[in-house]
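> Have a look at this one before I ask anything.
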Amino acid sequence: MRLRPSLLAIPLLSAIVCLAQQAEPPAVAAQPKAEPAFNAAGVAFLKTHCAGCHSGAKPKADFRVDQFTDEAALLKDRKAAQRVLDVLKAGEMPPESKPKPALADQEAFVKAVEGAFHRHDATAKPDPGRVTMRRLNRNEYNHTIRDLVGVDFNPAEDFPSDDVGYGFDNIGDVLTVPPVLLERYLAAAESIMRQAVTPVPPPVTARWQGGQYTEPASAKVPLKNNWRAITVGDAKADGVATGPVHTPYKVPDNGSGEFTFRTRLYAETTGTKPVKVAVLAVCDKTAPGLATDDDIKQLSGANVAGLRPYRIVQTLEVKARTEKEAQQQTVKVTGVPGLHRMALALVKPEDGEPNPTVYLQFMALDGPLDSRPATHHKLLACDPKATPAEQSRQVLERFAGRAYRRPATRDEVDRLIKVADSVISKGEKWEAGMQLAMTAALCSPKFLFRVELDDRAASAEPHPIDEYQLASRLSYFLWATMPDQELFDLAAKKQLTPQLDAQVKRMLCDPRAKTLTDHFVMQWLQLQPLRNAQPDAKKFPQFNEPLRAAMVQETKLFFEEIVREDRSVLTVLDADFTYLNAPLARHYGIADTAGNRVGQDAKSKRPGGQPFRNEQFVRVNLAATGRGGVLTQASVLTVTSNPGRTSPVKRGRWVLEQILGTPPPPPPPNVPELEKDGKPVSAGTLRQQMEAHRANPACANCHAKMDGLGFGLENFDAVGAFRTKDGDAAIDSSGELPGNLKFTGPTELKQILLGKKDLFAKCLTEKLMTYGLGRGLDYYDRRAVDQVVAAAAKNDYKLSVLIAEIVKSDPFRLRRGKDKIND
């Protein structure tokens, strides 16, 4: 049944407009009000050490400080004031060419500015900010459909790409709704519900395999007129001749439905007792009724133990003694989780009886006999004794409540019932009415958007979002999908808020937490460009598609362990482990899982290393290898390089932005290039070219910190392989950062970064909070960020603590009051 787009598009558009009117209107952040108190010494400090470069019509780095004439001005442009503090604390300003302020003067200035911030924050009302009502992005849509409906495919594949804001694709302010998306929503909803609910059951699947093609397979399979012969034998006998004979089947719903097994057999024997054959259902070890050791002792065949686990479904008597007498035998196979293979094994003859030979013509498996998918039964489950009207309400009330991620109102359910009745009244099946009503629910803005209506819109004070909204924020943050039943149940009992710590730990242990790596980590580390990266094939012939995939997988598996084992987030900066497969290990020059290098002296090798096996990823010990943490992973090193060479600037900028949270300003105009038409502008090593480039005063300030960080990674080429030379010249991986911080190579660089752990923790907190809230952070979020970082520092910077503190913070749990909205 195909819905006409116009039938649902108009109500969808109307509902979006209606909800937008009910939701909070866009607001301009409230400007803090404070009495002027910024002292003259602070203004004088800026004039002496900063205003010479950063004032007037053309300030350096397009950054001015001459507007900070008093405390009110300081608080008015708080982001710029914070930036002044950051560069002073990092020793980046004033530049080396300018006189440094006395330490006491600098400390007094920092204290004065931070004092102004603290005074304001201590008396200011909490401002949790404004989260725009936003639609589900493509990933969230796919995951939500999977958990709501139960179908597992990619219904959002044809949706337009999601826009990115603040580095992430779940930011409400940029998740627009282009007209083409409305059509795609309708088409996707129809496709989803066609798979999930089938008013007309499809034909029962029949599977048939001729006896000569059953397993164990061999060119010497004993045959008689294409009937396979099975003889009696023990574990030392020929498995092809003695069996058990079996064949695989791909069955839906994990094989837990009802099936019919069919076969045709006859036996040759001189004995008088019945010849018996056991029908075996090979399945998961968790299935009930599995054959025991005593059961298996009664069966014949060399492979009778090797097929385990299986259930003995039924034992058949083979009465036919000739091919013409053979009749089809049928066996019901019911409730065998993990069913994937059927087998036939001879039962050992009684003592004194001769060994028979059984001939098999075919093996067939039909089913499930109820051909409707499991989603059909799950979605339409209701009281069979209730009237059709009551059944409709039960089904749609449950579905709408889960789809809207809160209890559906009676009016909402009534509307869906009317949609269903419009079909049923025309003679269609009840199931068809439910299918159409559920399709309509999937087209509702209440499903497509994460709506957080305010039940206290007139309140002037910040107040908590309700428990269902909190459950959705939490589940989409950690799982990129709708809340599960436990979160729904806690929200219904208003017990979610007191149990946030426990729920965070539970959710991080759930397999769905993998989405935190797939969606947050990949965007935070800016690894999406790796999918399209094209390193120079002549310079880097080892780079290919399997290696590209392995680079991404290493980073994902690395972070999945951090999440799974609740490690310190500082592991991101330096770690003694990673995950490699054979191609990536060869690329790194690592010989085994102990981290020994290729060609390493046998006397210095660490014991216990195992060789790599093809594409299989294994955990590798990186102690004393020079690698460890994301900075030395090929994924990061490749996306921060140019196609033909490394880029200390890109690598340094990446560290500043993604690790330290202190991005440099945009480059000034008319900066000379390092390359022209693919060739270096100046001769020498890349380091020498960079030093000549940095001699330009317009470039020197920012490049001092970017290049220093990037040079520390110069031992890794543009695809992350270790090297000791750049052309014919030896690599110089030494660097110096503002504050007279000198280092050589990635190991010493990582130690410097670990010394800035609070800066890294703050950066990661801001990234996580941006992703979790779906909005950019502002000055009024600083208090919450500082509280999260302080709590994490007391707990070894564990990831679970960091996330738990974020979900307990005011920006995550509260919403703005009316006075903030109207400012």
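Labeling convention for the structure tokens: chains A, B, ... as they appear, residues from 1 per chain, ligands from 1 in order of appearance.
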Just want the 10 Å neighbourhood of Leu741 (chain A), counted on only C-alpha atoms, with same-chain residues fewer than 4 positions away dropped. Output as a PyMOL selection string.
chain A and resi 91+708+735-737+749+752
> I want to know what sits within 8 Å of Leu622 (chain A), based on only C-alpha atoms, with residues of the same chain fewer than 3 positions away left out; could you give that as a VMD selection string?
chain A and resid 575 to 578 594 to 595 625 to 628
> Take the selection from the previous step and output its residues with N, CA, C and O atoms, as a compact mmCIF listing (two decimals), in the first residue's frame.

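Saved the output as again-v2.txt:
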```
# COMPACT_ATOMS: atom_id res chain seq x y z
N ALA A 575 49.16 5.71 25.70
CA ALA A 575 48.68 4.41 26.12
C ALA A 575 49.74 3.37 25.78
O ALA A 575 50.54 3.55 24.87
N ASP A 576 49.71 2.27 26.51
CA ASP A 576 50.67 1.19 26.25
C ASP A 576 50.04 0.06 25.44
O ASP A 576 50.54 -1.06 25.44
N PHE A 577 48.95 0.34 24.76
CA PHE A 577 48.28 -0.70 23.97
C PHE A 577 47.60 -0.07 22.76
O PHE A 577 47.36 1.14 22.71
N THR A 578 47.29 -0.90 21.81
CA THR A 578 46.42 -0.55 20.70
C THR A 578 45.89 -1.84 20.11
O THR A 578 46.13 -2.92 20.65
N ALA A 594 53.44 -8.57 21.18
CA ALA A 594 54.23 -8.00 22.29
C ALA A 594 54.84 -6.66 21.90
O ALA A 594 55.49 -6.02 22.73
N GLY A 595 54.64 -6.25 20.66
CA GLY A 595 55.15 -4.96 20.22
C GLY A 595 56.58 -4.98 19.74
O GLY A 595 57.18 -3.93 19.54
N THR A 625 57.68 1.23 22.30
CA THR A 625 57.66 1.21 20.82
C THR A 625 57.70 2.60 20.22
O THR A 625 57.88 2.75 19.02
N GLY A 626 57.49 3.63 21.04
CA GLY A 626 57.42 4.99 20.51
C GLY A 626 56.01 5.38 20.09
O GLY A 626 55.74 6.54 19.82
N ARG A 627 55.11 4.40 20.03
CA ARG A 627 53.72 4.69 19.70
C ARG A 627 52.88 4.57 20.96
O ARG A 627 53.32 4.09 21.99
N GLY A 628 51.63 4.99 20.83
CA GLY A 628 50.70 4.93 21.96
C GLY A 628 49.88 6.20 22.05
O GLY A 628 50.43 7.31 22.02
```
> What lies within 10 Å of Asp501 (chain A) using only C-alpha atoms, ignoring chain neighbours under 6 positions off, as a PyMOL selection string?
chain A and resi 800-801+803-805+807-808
> Neighbours of Gln391 (chain A) within 12 Å (only C-alpha atoms; same-chain residues fewer than 6 positions away dropped), as an MDAnalysis selection string?
chainID A and resid 379:385 397:398 417 420 430:431 433:434
> Dump C-alpha atoms for the selected residues as a PDB file, in the first residue's frame?

```
ATOM      1  CA  LEU A 379       4.265  -4.545  17.471  1.00  0.00           C
ATOM      2  CA  LEU A 380       0.715  -5.929  17.319  1.00  0.00           C
ATOM      3  CA  ALA A 381       0.774  -7.781  20.652  1.00  0.00           C
ATOM      4  CA  CYS A 382      -2.466  -7.174  22.557  1.00  0.00           C
ATOM      5  CA  ASP A 383      -5.106  -8.905  24.648  1.00  0.00           C
ATOM      6  CA  PRO A 384      -6.673 -11.533  22.336  1.00  0.00           C
ATOM      7  CA  LYS A 385      -9.920 -11.397  24.330  1.00  0.00           C
ATOM      8  CA  GLU A 397      -0.945   3.730  22.737  1.00  0.00           C
ATOM      9  CA  ARG A 398       2.134   1.568  23.322  1.00  0.00           C
ATOM     10  CA  ILE A 417      -7.007   5.247  15.696  1.00  0.00           C
ATOM     11  CA  ALA A 420      -6.414   3.074  11.200  1.00  0.00           C
ATOM     12  CA  TRP A 430      -7.085  -4.808  11.049  1.00  0.00           C
ATOM     13  CA  GLU A 431      -3.327  -5.336  10.570  1.00  0.00           C
ATOM     14  CA  GLY A 433      -5.021  -0.310   9.697  1.00  0.00           C
ATOM     15  CA  MET A 434      -2.308  -0.681  12.338  1.00  0.00           C
TER      16      MET A 434
END
```
> Going by DSSP on the backbone, which residues of region 581-654 of chain A come out as alpha helix (DSSP H)? List them as a list in words.
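Put together, the selection reads Ala582, Pro583, Leu584, Ala585, Arg586, His587, Tyr588, Ala634, Ser635, Val636, Leu637, Thr638, Val639, Pro648, Val649, Lys650, Arg651, Gly652, Arg653 and Trp654 of chain A.
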> If you run DSSP on this backbone, which residues of region 415-476 of chain A come out as strand (DSSP E or B), and could you give them as a ChimeraX atom specification?
/A:449-450,463-464
> How would the residues just chosen look if you wrote them out with C-alpha atoms as a PDB file, in the first residue's frame?

```
ATOM      1  CA  PHE A 449      12.045  15.893  16.336  1.00  0.00           C
ATOM      2  CA  ARG A 450      13.387  15.771  19.852  1.00  0.00           C
ATOM      3  CA  HIS A 463      13.942  24.557  36.189  1.00  0.00           C
ATOM      4  CA  PRO A 464      14.537  20.880  35.421  1.00  0.00           C
TER       5      PRO A 464
END
```
> Neighbouring residues of region 645-657 of chain A were defined as those with any atom within 7 Å, considering only C-alpha atoms; residues of the same chain fewer than 3 positions away were excluded. Please report them as a ChimeraX atom specification.
/A:640-642,660-663,706-707,709-711,717-718
> Could you save the residues just selected, with N, CA, C and O atoms, as a CSV table (one decimal), in the first residue's frame?

```csv
chain,number,residue,atom,x,y,z
A,640,THR,N,45.9,14.6,9.0
A,640,THR,CA,46.6,15.8,9.3
A,640,THR,C,47.8,16.0,8.4
A,640,THR,O,48.7,16.8,8.8
A,641,SER,N,47.9,15.3,7.3
A,641,SER,CA,49.0,15.5,6.3
A,641,SER,C,48.4,15.9,5.0
A,641,SER,O,47.2,15.8,4.7
A,642,ASN,N,49.3,16.4,4.1
A,642,ASN,CA,49.0,16.6,2.8
A,642,ASN,C,49.1,15.4,1.9
A,642,ASN,O,49.8,14.4,2.4
A,660,LEU,N,43.9,20.3,23.0
A,660,LEU,CA,44.1,21.3,24.1
A,660,LEU,C,43.0,22.3,24.1
A,660,LEU,O,42.9,23.1,25.1
A,661,GLY,N,42.1,22.4,23.1
A,661,GLY,CA,41.0,23.3,23.1
A,661,GLY,C,41.4,24.8,23.0
A,661,GLY,O,40.7,25.7,23.4
A,662,THR,N,42.6,25.0,22.4
A,662,THR,CA,43.1,26.4,22.2
A,662,THR,C,43.4,26.7,20.8
A,662,THR,O,44.6,26.8,20.4
A,663,PRO,N,42.4,26.8,19.9
A,663,PRO,CA,42.6,26.9,18.5
A,663,PRO,C,43.3,28.2,18.2
A,663,PRO,O,43.0,29.3,18.8
A,706,MET,N,52.1,26.0,16.7
A,706,MET,CA,51.7,25.0,15.9
A,706,MET,C,52.8,24.1,15.3
A,706,MET,O,52.8,22.9,15.4
A,707,ASP,N,53.9,24.8,14.8
A,707,ASP,CA,55.0,24.1,14.2
A,707,ASP,C,55.7,23.2,15.3
A,707,ASP,O,56.1,22.1,15.0
A,709,LEU,N,54.5,21.7,17.9
A,709,LEU,CA,53.8,20.5,18.1
A,709,LEU,C,53.9,19.6,16.9
A,709,LEU,O,54.1,18.4,17.1
A,710,GLY,N,53.8,20.1,15.7
A,710,GLY,CA,53.9,19.3,14.5
A,710,GLY,C,55.2,18.7,14.3
A,710,GLY,O,55.3,17.5,13.9
A,711,PHE,N,56.3,19.4,14.6
A,711,PHE,CA,57.6,18.8,14.4
A,711,PHE,C,57.9,17.6,15.3
A,711,PHE,O,58.7,16.7,15.0
A,717,ASP,N,55.5,9.6,8.7
A,717,ASP,CA,55.3,10.2,7.4
A,717,ASP,C,53.8,10.5,7.2
A,717,ASP,O,53.0,10.4,8.1
A,718,ALA,N,53.5,10.8,5.9
A,718,ALA,CA,52.1,11.3,5.6
A,718,ALA,C,51.0,10.3,5.8
A,718,ALA,O,49.9,10.6,5.7
```
> List the spatial neighbours of Lys605 (chain A) as a ChimeraX atom specification - criterion: any atom at most 12 Å away, only C-alpha atoms, same-chain residues fewer than 5 positions off excluded.
/A:590-600,623-625
> Have a look at CA of Ala582 (chain A) and CA of Pro511 (chain A) and let me know their distance in Å, one decimal.
25.9 Å
> Could you check which of A:Leu186, A:Ile659, A:Asp566, A:Val177 is closest to Leu753 (chain A), using only C-alpha atoms?
A:Ile659
> Using only C-alpha atoms, can you tell me which of A:Ala235, A:Glu157, A:Arg813, A:Ala386 comes closest to Tyr468 (chain A)?
A:Arg813
